[in-house]
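The structure under discussion appears below in the form of structure tokens.
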Amino acid sequence: MLNDELEARISFIIHHFRKRSVVVRLAPMPTTPSHSTGTTRRDFLKTVAAVTAVAAMGIEDKKAAAQTAPAAQGAIPWYQRAMRWGQTNITEADIAHYDIAWWRKYWKRTRVQGVIINAGGIFAYYPSKFPLHYRPPQLKDRDLYGELAAAAHADGLCVLARMDSSKGHEDLYQAHPDWFGVDASGQVYRSGEFYLSCISGGYYSEFLPGVLREIIERTHPEGLTDNIWSGLDRNMICYCKNCVDKFKDYSGSPLPARRDWNDPIFRKWTDWNYDLRIKQWEFNNKVTQEAGGADCVWVGMNGAGTGGQSGSFRDLKEICARAPILLLDNQSRSSPTGFQENAMSGKFARSLLGPDKIIIESMAMYQHGAPQFRFSAKTAPEARMWMAAGFAGGIGPWWHHVGAYHEDRRAYKTAEPMMRWHEANQEYLINRTPMVSVAVGWSQRNADFFGRDNAGELVDEPMRGFTQAMIRARIGFVPLHLDDLEKAGADITTLVLPNVGGLSDSQVTSIRQFVKKGGSLVASGQTGLFNEFGDARSDFALADLFGVKGGKGVMPTGPRVGRGGAAITDAAHTYLRLTPELRGTVDGPMWGDEPAASGTRHEILAGFEETDVLPYGGSLQTLSPDGKAQVLLTFVPAFPATPPEVSWMRVPKTDVPGLVINENAGGRVAYLAADIDRRYAMYNFPDHGDLLANIVRWAAKDDLPLKVDSPGLVHCELYRQNNRLILHVVNLTSSATWKSPVDQLTGIGPIGISIKLPSGISGGRCSTLVGDSPKVIAGAVANGWVKLTLPSVVDHQVLVVEG
Ligand SMILES: [Zn+2]
């Protein structure tokens with residue numbers, strides 16, 4: 001093994017010097033990518049033209065083509081220009097039959113600029129010189145990866161060599177058992193026939209670097225990626241010798257005996273694991289950049305949601321600080337989240353990555369999810385909608401097929417129209433700044449140390465409740481990492497904290513500053529009852545802003561009330577009472593004891609004039625108002641739901657607050673003691689969604705730059721790009737009415753749109769990008785707003801306002 005390593009190293013050095021002396025600038029190799037700056041649109045178009053010209057030349061000599069790969073052709077590195085990708089995940093059965101000629105035609109007609117090709121890791125698809133780099137027997141001496149890479153280069157495409165470093169075969173395990181994870185009893189962690197590799201072992205520090213260098217030396221891919229690069233996930237504490245020794249060096253302690261979020265050693269182990277993965281990211285880049293040049297970057301695949309990232313110790317913020325391009329692996333919607341999830345993924349990543357870097361996402365062309373059928377085509381409308389939602393959130397497309405041969409050939413027709421549309425309109429789809437005034441605060445550490453083993457309920461659902469309610473109400477927002485609050489632009493006037501239980505002292509300080517300067521705050525549930533380790537504080541950290549006191553930081557154990565099925569049990573048969581009560585003035589039976597309507601309802605309760613109660617069924621925080629704040633909703637405790645004869649309110653009215661607002665803190669503050677956000681995510685009651693939207697709209701003083709008058713569920717994302725505005729309108733009406741997959745799209749319209757014009761944009765020219773051809777539409781400009789009507793939207797529309 002060492003000889004092979006040495007040989008590979010020498011070969012690499014010889015090759016590297018040869019290559020550098022001829023074509024590569026003789027500058028010191030940076031360990032992080034040197035991002036080109038100052039690239040103009042003209043440069044970009046020139047590069048596109050050059051790439052197109054090479055493709056048209058039909059170069060036959062594959063080696064020559066490899067040497068003139070797109071990376072060498074222009075000043076713009078591949079990761080700043082390749083926005084559309086494709087991936088055919090090679091199976092063992094493909095090896096003997098791969099119809100490369102057909103796939104080249106498919107690359108061309110789907111307008112991809114790069115392809116992701118299986119190279120090594122669990123399976124090597126080329127004749128690796130490392131005997132323990134497993135090659136499927138069908139491969140014999142064939143260099144399938146190399147043939148595909150050469151074909152792609154000959155077609156002017158970028159190549160990302162794909163690895164999967166998460167597992168190994170029996171031979172590798174037998175030769176290096178210390179490279180694999182073991183549990184507390186010394187049993188190796190396995191997944192089927194494979195052994196799970198440990199990130200602190202030699203597989204990552206000795207073996208894989210040799211493989212990465214070998215792949216670069218053989219084929220000169222533009223970059224490298226890895227499907228599952230971060231080793232064992234959080235559910236598996238590894239007790240291998242490397243982990244024992246390295247954790248001792250890091251912490252001075254033995255490994256934690258078990259998962260215990262209150263154990264300081266387990267917390268340290270969590271931090272150490274994050275640290276290992278960021279170091280691995282940097283190390284892999286050092287290896288690939290030394291071997292392939294500054295732009296030969298390694299970019300592991302990531303999820304965009306905090307839950308998945310937390311579970312695998314991948315810090316999205318730290319990764320985005322290092323990644324020149326982001327690869328998301330999030331292939332389809334889930335029933336609770338809908339297509340909106342894909343725009344959210346893009347927005348999350350983009351909030352950390354900035355407006356200019358490319359984000360691409362693996363989008364399955366097969367039936368992905370639950371249930372999963374790798375060889376059945378996903379319905380075209382389902383795939384289209386997922387792609388359109390991704391575009392709205394700033395994600396570029398990357399079609400994904402498992403296997404290179406499918407009997408369900410409908411799958412080959414799905415990507416092309418959307419990819420062609422993307423190509424025709426790509427200039428509108430990147431380098432855009434969201435036009436919003438609302439931010440939703442989050443942090444991955446909160447998902448870890450407050451969410452712990454229950455982050456779905458404690459973190460994801462409250463977030464989803466608020467964000468879905470805002471999408472439904474067409475209120476634009478961006479995710480905002482709470483460590484970045486002080487850097488947020490002046491456009492952000494309202495901060496929403498959906499049950500963000502764990503706040504660090506510095507986050508608390510910056511939230512206070514934000515409100516003191518006039519920013520509005522909407523918070524819910526346990527926000528600020530814990531610190532960044534999930535340890536209880538003595539009261540809400542923001543109690544005075546909320547206008548309450550007496551909060552208790554009690555970490556919930558087990559599911560909350562009302563979970564576990566559609567039925568609301570007697571224990572969850574609770575309500576929220578609106579004040580003042582109006583039923584005495586509304587048509588209906590009178591008992592004579594109706595309270596006299598005194599005062600007027602707050603604007604947050606607008607739309608509920610004909611009811612004094614809202615369904616609830618959730619949990620409340622313990623607190624008492626401080627006397628200055630106003631209580632708009634109070635709790636009605638549980639009473640029997642069945643049998644009907646006994647279903648009547650035992651305690652119709654209490655003073656237990658469900659919603660408190662405070663206007664004495666600087667900006668407007670609303671605190672939801674009742675977990676309406678989580679309930680909305682769970683129950684989908686329109687009342688809950690309307691209430692959440694009303695709260696945000698009040699906090700934002702209705703200063704929202706977009707108004708949409710439309711039937712149905714439409715997801716809107718508004719951006720500014722230099723001297724124009726770009727509005728995505730995604731029609732979720734069809735799909736939201738039933739479960740996935742959607743098989744027919746139903747147009748809605750007309751859709752009335754009003755956009756507040758920022759300085760520099762007159763609104764004199766409006767056009768739409770989806771349709772047979774770009775189309776000019778009439779807009780009326782008055783009082784700083786442009787008003788127009790979209791006659792109909794089937795799947796999505798993109799509106800451009802300029803002039
Ligand atoms: Zn280990």
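Ligands are numbered from 1 in the order shown, chains are lettered A, B, ... in the order of the structure tokens, and residues start at 1 in each chain.
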Please identify the residues whose atoms come within 10 Å of ligand 1, using only C-alpha atoms and all ligand atoms, and report them as a PDB file with N, CA and C atoms, in the first residue's frame.
ATOM      1  N   ASP A 178      -9.058  -1.151  11.130  1.00  0.00           N
ATOM      2  CA  ASP A 178      -9.013   0.079  11.929  1.00  0.00           C
ATOM      3  C   ASP A 178      -9.543   1.297  11.156  1.00  0.00           C
ATOM      4  N   TRP A 179      -9.898   1.133   9.896  1.00  0.00           N
ATOM      5  CA  TRP A 179     -10.455   2.244   9.128  1.00  0.00           C
ATOM      6  C   TRP A 179     -11.989   2.303   9.247  1.00  0.00           C
ATOM      7  N   PHE A 180     -12.562   1.394  10.004  1.00  0.00           N
ATOM      8  CA  PHE A 180     -14.023   1.291  10.046  1.00  0.00           C
ATOM      9  C   PHE A 180     -14.560   1.512  11.455  1.00  0.00           C
ATOM     10  N   GLY A 181     -15.793   2.004  11.485  1.00  0.00           N
ATOM     11  CA  GLY A 181     -16.392   2.377  12.768  1.00  0.00           C
ATOM     12  C   GLY A 181     -16.802   1.164  13.583  1.00  0.00           C
ATOM     13  N   VAL A 182     -16.651   1.284  14.887  1.00  0.00           N
ATOM     14  CA  VAL A 182     -17.112   0.201  15.771  1.00  0.00           C
ATOM     15  C   VAL A 182     -17.964   0.775  16.893  1.00  0.00           C
ATOM     16  N   ASP A 183     -18.901  -0.032  17.366  1.00  0.00           N
ATOM     17  CA  ASP A 183     -19.774   0.427  18.455  1.00  0.00           C
ATOM     18  C   ASP A 183     -19.115   0.166  19.806  1.00  0.00           C
ATOM     19  N   VAL A 188     -18.212  -3.978  14.464  1.00  0.00           N
ATOM     20  CA  VAL A 188     -18.066  -3.026  13.360  1.00  0.00           C
ATOM     21  C   VAL A 188     -19.457  -2.592  12.872  1.00  0.00           C
ATOM     22  N   LEU A 196     -18.963   0.365   7.339  1.00  0.00           N
ATOM     23  CA  LEU A 196     -19.045   1.826   7.349  1.00  0.00           C
ATOM     24  C   LEU A 196     -17.717   2.422   7.814  1.00  0.00           C
ATOM     25  N   SER A 197     -17.168   3.291   6.992  1.00  0.00           N
ATOM     26  CA  SER A 197     -15.836   3.834   7.274  1.00  0.00           C
ATOM     27  C   SER A 197     -15.915   4.950   8.315  1.00  0.00           C
ATOM     28  N   CYS A 198     -14.834   5.084   9.084  1.00  0.00           N
ATOM     29  CA  CYS A 198     -14.782   6.128  10.126  1.00  0.00           C
ATOM     30  C   CYS A 198     -13.904   7.276   9.636  1.00  0.00           C
ATOM     31  N   ILE A 199     -14.417   8.484   9.790  1.00  0.00           N
ATOM     32  CA  ILE A 199     -13.735   9.654   9.225  1.00  0.00           C
ATOM     33  C   ILE A 199     -12.427   9.975   9.938  1.00  0.00           C
ATOM     34  N   SER A 200     -12.220   9.426  11.119  1.00  0.00           N
ATOM     35  CA  SER A 200     -10.948   9.737  11.780  1.00  0.00           C
ATOM     36  C   SER A 200      -9.865   8.695  11.455  1.00  0.00           C
ATOM     37  N   GLY A 201     -10.180   7.744  10.568  1.00  0.00           N
ATOM     38  CA  GLY A 201      -9.214   6.698  10.255  1.00  0.00           C
ATOM     39  C   GLY A 201      -8.424   6.940   8.965  1.00  0.00           C
ATOM     40  N   GLY A 231     -18.809  10.491   6.704  1.00  0.00           N
ATOM     41  CA  GLY A 231     -18.608   9.372   7.625  1.00  0.00           C
ATOM     42  C   GLY A 231     -19.867   9.004   8.392  1.00  0.00           C
ATOM     43  N   LEU A 232     -19.657   8.436   9.557  1.00  0.00           N
ATOM     44  CA  LEU A 232     -20.779   7.955  10.373  1.00  0.00           C
ATOM     45  C   LEU A 232     -21.652   9.120  10.811  1.00  0.00           C
ATOM     46  N   MET A 236     -24.333   7.138  15.613  1.00  0.00           N
ATOM     47  CA  MET A 236     -23.347   6.080  15.816  1.00  0.00           C
ATOM     48  C   MET A 236     -22.084   6.655  16.454  1.00  0.00           C
ATOM     49  N   ILE A 237     -21.949   6.484  17.756  1.00  0.00           N
ATOM     50  CA  ILE A 237     -20.677   6.874  18.382  1.00  0.00           C
ATOM     51  C   ILE A 237     -19.655   5.803  17.992  1.00  0.00           C
ATOM     52  N   CYS A 238     -18.514   6.250  17.470  1.00  0.00           N
ATOM     53  CA  CYS A 238     -17.496   5.294  17.032  1.00  0.00           C
ATOM     54  C   CYS A 238     -16.415   5.170  18.112  1.00  0.00           C
ATOM     55  N   TYR A 239     -16.100   3.914  18.457  1.00  0.00           N
ATOM     56  CA  TYR A 239     -15.095   3.647  19.488  1.00  0.00           C
ATOM     57  C   TYR A 239     -13.845   3.002  18.897  1.00  0.00           C
ATOM     58  N   CYS A 240     -13.574   3.280  17.611  1.00  0.00           N
ATOM     59  CA  CYS A 240     -12.348   2.727  17.020  1.00  0.00           C
ATOM     60  C   CYS A 240     -11.132   3.371  17.689  1.00  0.00           C
ATOM     61  N   LYS A 241      -9.978   2.756  17.495  1.00  0.00           N
ATOM     62  CA  LYS A 241      -8.785   3.247  18.188  1.00  0.00           C
ATOM     63  C   LYS A 241      -8.450   4.686  17.784  1.00  0.00           C
ATOM     64  N   ASN A 242      -8.657   4.991  16.503  1.00  0.00           N
ATOM     65  CA  ASN A 242      -8.362   6.360  16.053  1.00  0.00           C
ATOM     66  C   ASN A 242      -9.244   7.373  16.776  1.00  0.00           C
ATOM     67  N   CYS A 243     -10.512   7.036  16.925  1.00  0.00           N
ATOM     68  CA  CYS A 243     -11.420   7.952  17.616  1.00  0.00           C
ATOM     69  C   CYS A 243     -11.031   8.084  19.090  1.00  0.00           C
ATOM     70  N   VAL A 244     -10.705   6.948  19.715  1.00  0.00           N
ATOM     71  CA  VAL A 244     -10.297   6.988  21.128  1.00  0.00           C
ATOM     72  C   VAL A 244      -9.114   7.946  21.295  1.00  0.00           C
ATOM     73  N   ASP A 245      -8.087   7.754  20.460  1.00  0.00           N
ATOM     74  CA  ASP A 245      -6.856   8.549  20.610  1.00  0.00           C
ATOM     75  C   ASP A 245      -7.081  10.016  20.252  1.00  0.00           C
ATOM     76  N   LYS A 246      -7.763  10.230  19.120  1.00  0.00           N
ATOM     77  CA  LYS A 246      -7.903  11.612  18.654  1.00  0.00           C
ATOM     78  C   LYS A 246      -8.839  12.415  19.557  1.00  0.00           C
ATOM     79  N   PHE A 247      -9.871  11.765  20.072  1.00  0.00           N
ATOM     80  CA  PHE A 247     -10.766  12.509  20.970  1.00  0.00           C
ATOM     81  C   PHE A 247     -10.053  12.820  22.284  1.00  0.00           C
TER      82      PHE A 247
END
Just the residues within 9 Å of Val478 in chain A, please, counting only C-alpha atoms, with nothing from its chain fewer than 2 positions along; format it as a list in words.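 What passes the distance filter is Met344, Lys347, Phe348, Ser351, Pro434, Val436, Ser437, Val438, Ala439, Val440, Gly441, Gly476 and Leu480 of chain A.
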Contact residues around Lys549 in chain A with only C-alpha atoms at 8 Å, ignoring same-chain residues under 2 positions, as a PDB file with C-alpha atoms, in the first residue's frame:
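Once everything was written out, this is part_3.pdb:
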ATOM      1  CA  ASP A 539     -36.562  33.005  32.283  1.00  0.00           C
ATOM      2  CA  PHE A 540     -37.011  33.939  28.636  1.00  0.00           C
ATOM      3  CA  ALA A 543     -38.680  38.296  28.496  1.00  0.00           C
ATOM      4  CA  ASP A 544     -38.769  42.089  28.681  1.00  0.00           C
ATOM      5  CA  GLY A 547     -43.571  41.757  27.789  1.00  0.00           C
ATOM      6  CA  GLY A 551     -40.850  31.475  31.641  1.00  0.00           C
ATOM      7  CA  LEU A 623     -45.607  32.911  31.868  1.00  0.00           C
ATOM      8  CA  SER A 624     -47.365  35.986  33.139  1.00  0.00           C
ATOM      9  CA  PRO A 625     -47.703  39.265  31.264  1.00  0.00           C
ATOM     10  CA  ASP A 626     -45.720  42.144  32.740  1.00  0.00           C
TER      11      ASP A 626
END
Leaving out range 593-597 of chain A and any residue of its chain fewer than 5 positions from it, which residues lie within 7 Å of it when counting only C-alpha atoms, given as a PDB file with N, CA and C atoms, in the first residue's frame?
ATOM      1  N   PRO A 580     -61.478  41.612  22.263  1.00  0.00           N
ATOM      2  CA  PRO A 580     -62.731  41.405  23.004  1.00  0.00           C
ATOM      3  C   PRO A 580     -63.651  40.440  22.264  1.00  0.00           C
ATOM      4  N   GLU A 581     -64.593  39.848  23.022  1.00  0.00           N
ATOM      5  CA  GLU A 581     -65.532  38.877  22.422  1.00  0.00           C
ATOM      6  C   GLU A 581     -66.667  39.623  21.724  1.00  0.00           C
ATOM      7  N   LEU A 582     -67.020  39.152  20.550  1.00  0.00           N
ATOM      8  CA  LEU A 582     -67.980  39.883  19.711  1.00  0.00           C
ATOM      9  C   LEU A 582     -69.277  39.134  19.457  1.00  0.00           C
ATOM     10  N   ARG A 583     -69.412  37.904  19.974  1.00  0.00           N
ATOM     11  CA  ARG A 583     -70.541  37.074  19.528  1.00  0.00           C
ATOM     12  C   ARG A 583     -71.903  37.668  19.871  1.00  0.00           C
ATOM     13  N   GLY A 584     -71.921  38.540  20.892  1.00  0.00           N
ATOM     14  CA  GLY A 584     -73.185  39.192  21.235  1.00  0.00           C
ATOM     15  C   GLY A 584     -73.705  40.071  20.112  1.00  0.00           C
TER      16      GLY A 584
END
Applying 6 Å and only C-alpha atoms, which residues near range 111-118 of chain A remain after dropping the ones on its own chain fewer than 5 positions away? List them as a ChimeraX atom specification. /A:82,84-87,157-162
Run DSSP on the backbone of this structure and report the residues of range 270-397 of chain A it assigns to alpha helix (DSSP H), as a ChimeraX atom specification. /A:270-292,306-311,316-322,340-353,380-392
Could you write those residues out with C-alpha atoms, as a PDB file, in the first residue's frame?
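Contents of out_11.pdb, as written:
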ATOM      1  CA  THR A 270     -20.470  16.677  18.989  1.00  0.00           C
ATOM      2  CA  ASP A 271     -18.298  19.762  18.479  1.00  0.00           C
ATOM      3  CA  TRP A 272     -15.294  17.553  17.713  1.00  0.00           C
ATOM      4  CA  ASN A 273     -17.252  15.704  15.048  1.00  0.00           C
ATOM      5  CA  TYR A 274     -18.222  18.956  13.332  1.00  0.00           C
ATOM      6  CA  ASP A 275     -14.607  20.016  13.479  1.00  0.00           C
ATOM      7  CA  LEU A 276     -13.401  16.736  11.917  1.00  0.00           C
ATOM      8  CA  ARG A 277     -15.703  17.179   8.930  1.00  0.00           C
ATOM      9  CA  ILE A 278     -14.709  20.757   8.217  1.00  0.00           C
ATOM     10  CA  LYS A 279     -11.050  19.714   8.433  1.00  0.00           C
ATOM     11  CA  GLN A 280     -11.793  16.832   6.046  1.00  0.00           C
ATOM     12  CA  TRP A 281     -13.426  19.283   3.622  1.00  0.00           C
ATOM     13  CA  GLU A 282     -10.312  21.449   3.719  1.00  0.00           C
ATOM     14  CA  PHE A 283      -7.964  18.479   3.470  1.00  0.00           C
ATOM     15  CA  ASN A 284      -9.768  17.025   0.454  1.00  0.00           C
ATOM     16  CA  ASN A 285      -9.520  20.392  -1.286  1.00  0.00           C
ATOM     17  CA  LYS A 286      -5.840  20.610  -0.513  1.00  0.00           C
ATOM     18  CA  VAL A 287      -5.321  17.218  -2.119  1.00  0.00           C
ATOM     19  CA  THR A 288      -7.374  17.918  -5.251  1.00  0.00           C
ATOM     20  CA  GLN A 289      -6.034  21.435  -5.761  1.00  0.00           C
ATOM     21  CA  GLU A 290      -2.443  20.300  -5.396  1.00  0.00           C
ATOM     22  CA  ALA A 291      -3.077  17.550  -7.923  1.00  0.00           C
ATOM     23  CA  GLY A 292      -5.307  19.375 -10.374  1.00  0.00           C
ATOM     24  CA  THR A 306     -30.885  21.602   9.226  1.00  0.00           C
ATOM     25  CA  GLY A 307     -32.164  18.198  10.385  1.00  0.00           C
ATOM     26  CA  GLY A 308     -30.181  16.140   7.883  1.00  0.00           C
ATOM     27  CA  GLN A 309     -27.130  18.355   8.169  1.00  0.00           C
ATOM     28  CA  SER A 310     -27.159  18.136  11.968  1.00  0.00           C
ATOM     29  CA  GLY A 311     -27.557  14.369  11.888  1.00  0.00           C
ATOM     30  CA  LEU A 316     -23.943  24.320   6.416  1.00  0.00           C
ATOM     31  CA  LYS A 317     -22.708  27.784   7.390  1.00  0.00           C
ATOM     32  CA  GLU A 318     -19.068  26.713   7.625  1.00  0.00           C
ATOM     33  CA  ILE A 319     -19.351  24.678   4.435  1.00  0.00           C
ATOM     34  CA  CYS A 320     -20.867  27.592   2.526  1.00  0.00           C
ATOM     35  CA  ALA A 321     -17.977  29.746   3.720  1.00  0.00           C
ATOM     36  CA  ARG A 322     -15.625  27.317   1.949  1.00  0.00           C
ATOM     37  CA  GLN A 340     -42.250  24.860  -1.518  1.00  0.00           C
ATOM     38  CA  GLU A 341     -39.530  22.912   0.267  1.00  0.00           C
ATOM     39  CA  ASN A 342     -37.287  23.171  -2.753  1.00  0.00           C
ATOM     40  CA  ALA A 343     -37.460  26.944  -2.896  1.00  0.00           C
ATOM     41  CA  MET A 344     -36.766  26.905   0.853  1.00  0.00           C
ATOM     42  CA  SER A 345     -33.683  24.725   0.298  1.00  0.00           C
ATOM     43  CA  GLY A 346     -32.357  27.210  -2.206  1.00  0.00           C
ATOM     44  CA  LYS A 347     -33.116  30.159   0.034  1.00  0.00           C
ATOM     45  CA  PHE A 348     -31.416  28.549   3.034  1.00  0.00           C
ATOM     46  CA  ALA A 349     -28.279  27.817   1.071  1.00  0.00           C
ATOM     47  CA  ARG A 350     -28.310  31.132  -0.717  1.00  0.00           C
ATOM     48  CA  SER A 351     -28.650  33.080   2.526  1.00  0.00           C
ATOM     49  CA  LEU A 352     -25.254  31.686   3.487  1.00  0.00           C
ATOM     50  CA  LEU A 353     -23.639  31.483   0.082  1.00  0.00           C
ATOM     51  CA  ALA A 380     -43.451  14.845 -15.665  1.00  0.00           C
ATOM     52  CA  PRO A 381     -45.638  17.427 -13.838  1.00  0.00           C
ATOM     53  CA  GLU A 382     -44.181  16.319 -10.489  1.00  0.00           C
ATOM     54  CA  ALA A 383     -40.619  16.699 -11.784  1.00  0.00           C
ATOM     55  CA  ARG A 384     -41.407  20.021 -13.484  1.00  0.00           C
ATOM     56  CA  MET A 385     -42.918  21.507 -10.350  1.00  0.00           C
ATOM     57  CA  TRP A 386     -39.959  20.435  -8.215  1.00  0.00           C
ATOM     58  CA  MET A 387     -37.609  22.044 -10.717  1.00  0.00           C
ATOM     59  CA  ALA A 388     -39.667  25.249 -10.990  1.00  0.00           C
ATOM     60  CA  ALA A 389     -39.756  25.600  -7.197  1.00  0.00           C
ATOM     61  CA  GLY A 390     -35.995  25.112  -7.107  1.00  0.00           C
ATOM     62  CA  PHE A 391     -35.461  27.825  -9.731  1.00  0.00           C
ATOM     63  CA  ALA A 392     -37.571  30.199  -7.613  1.00  0.00           C
TER      64      ALA A 392
END
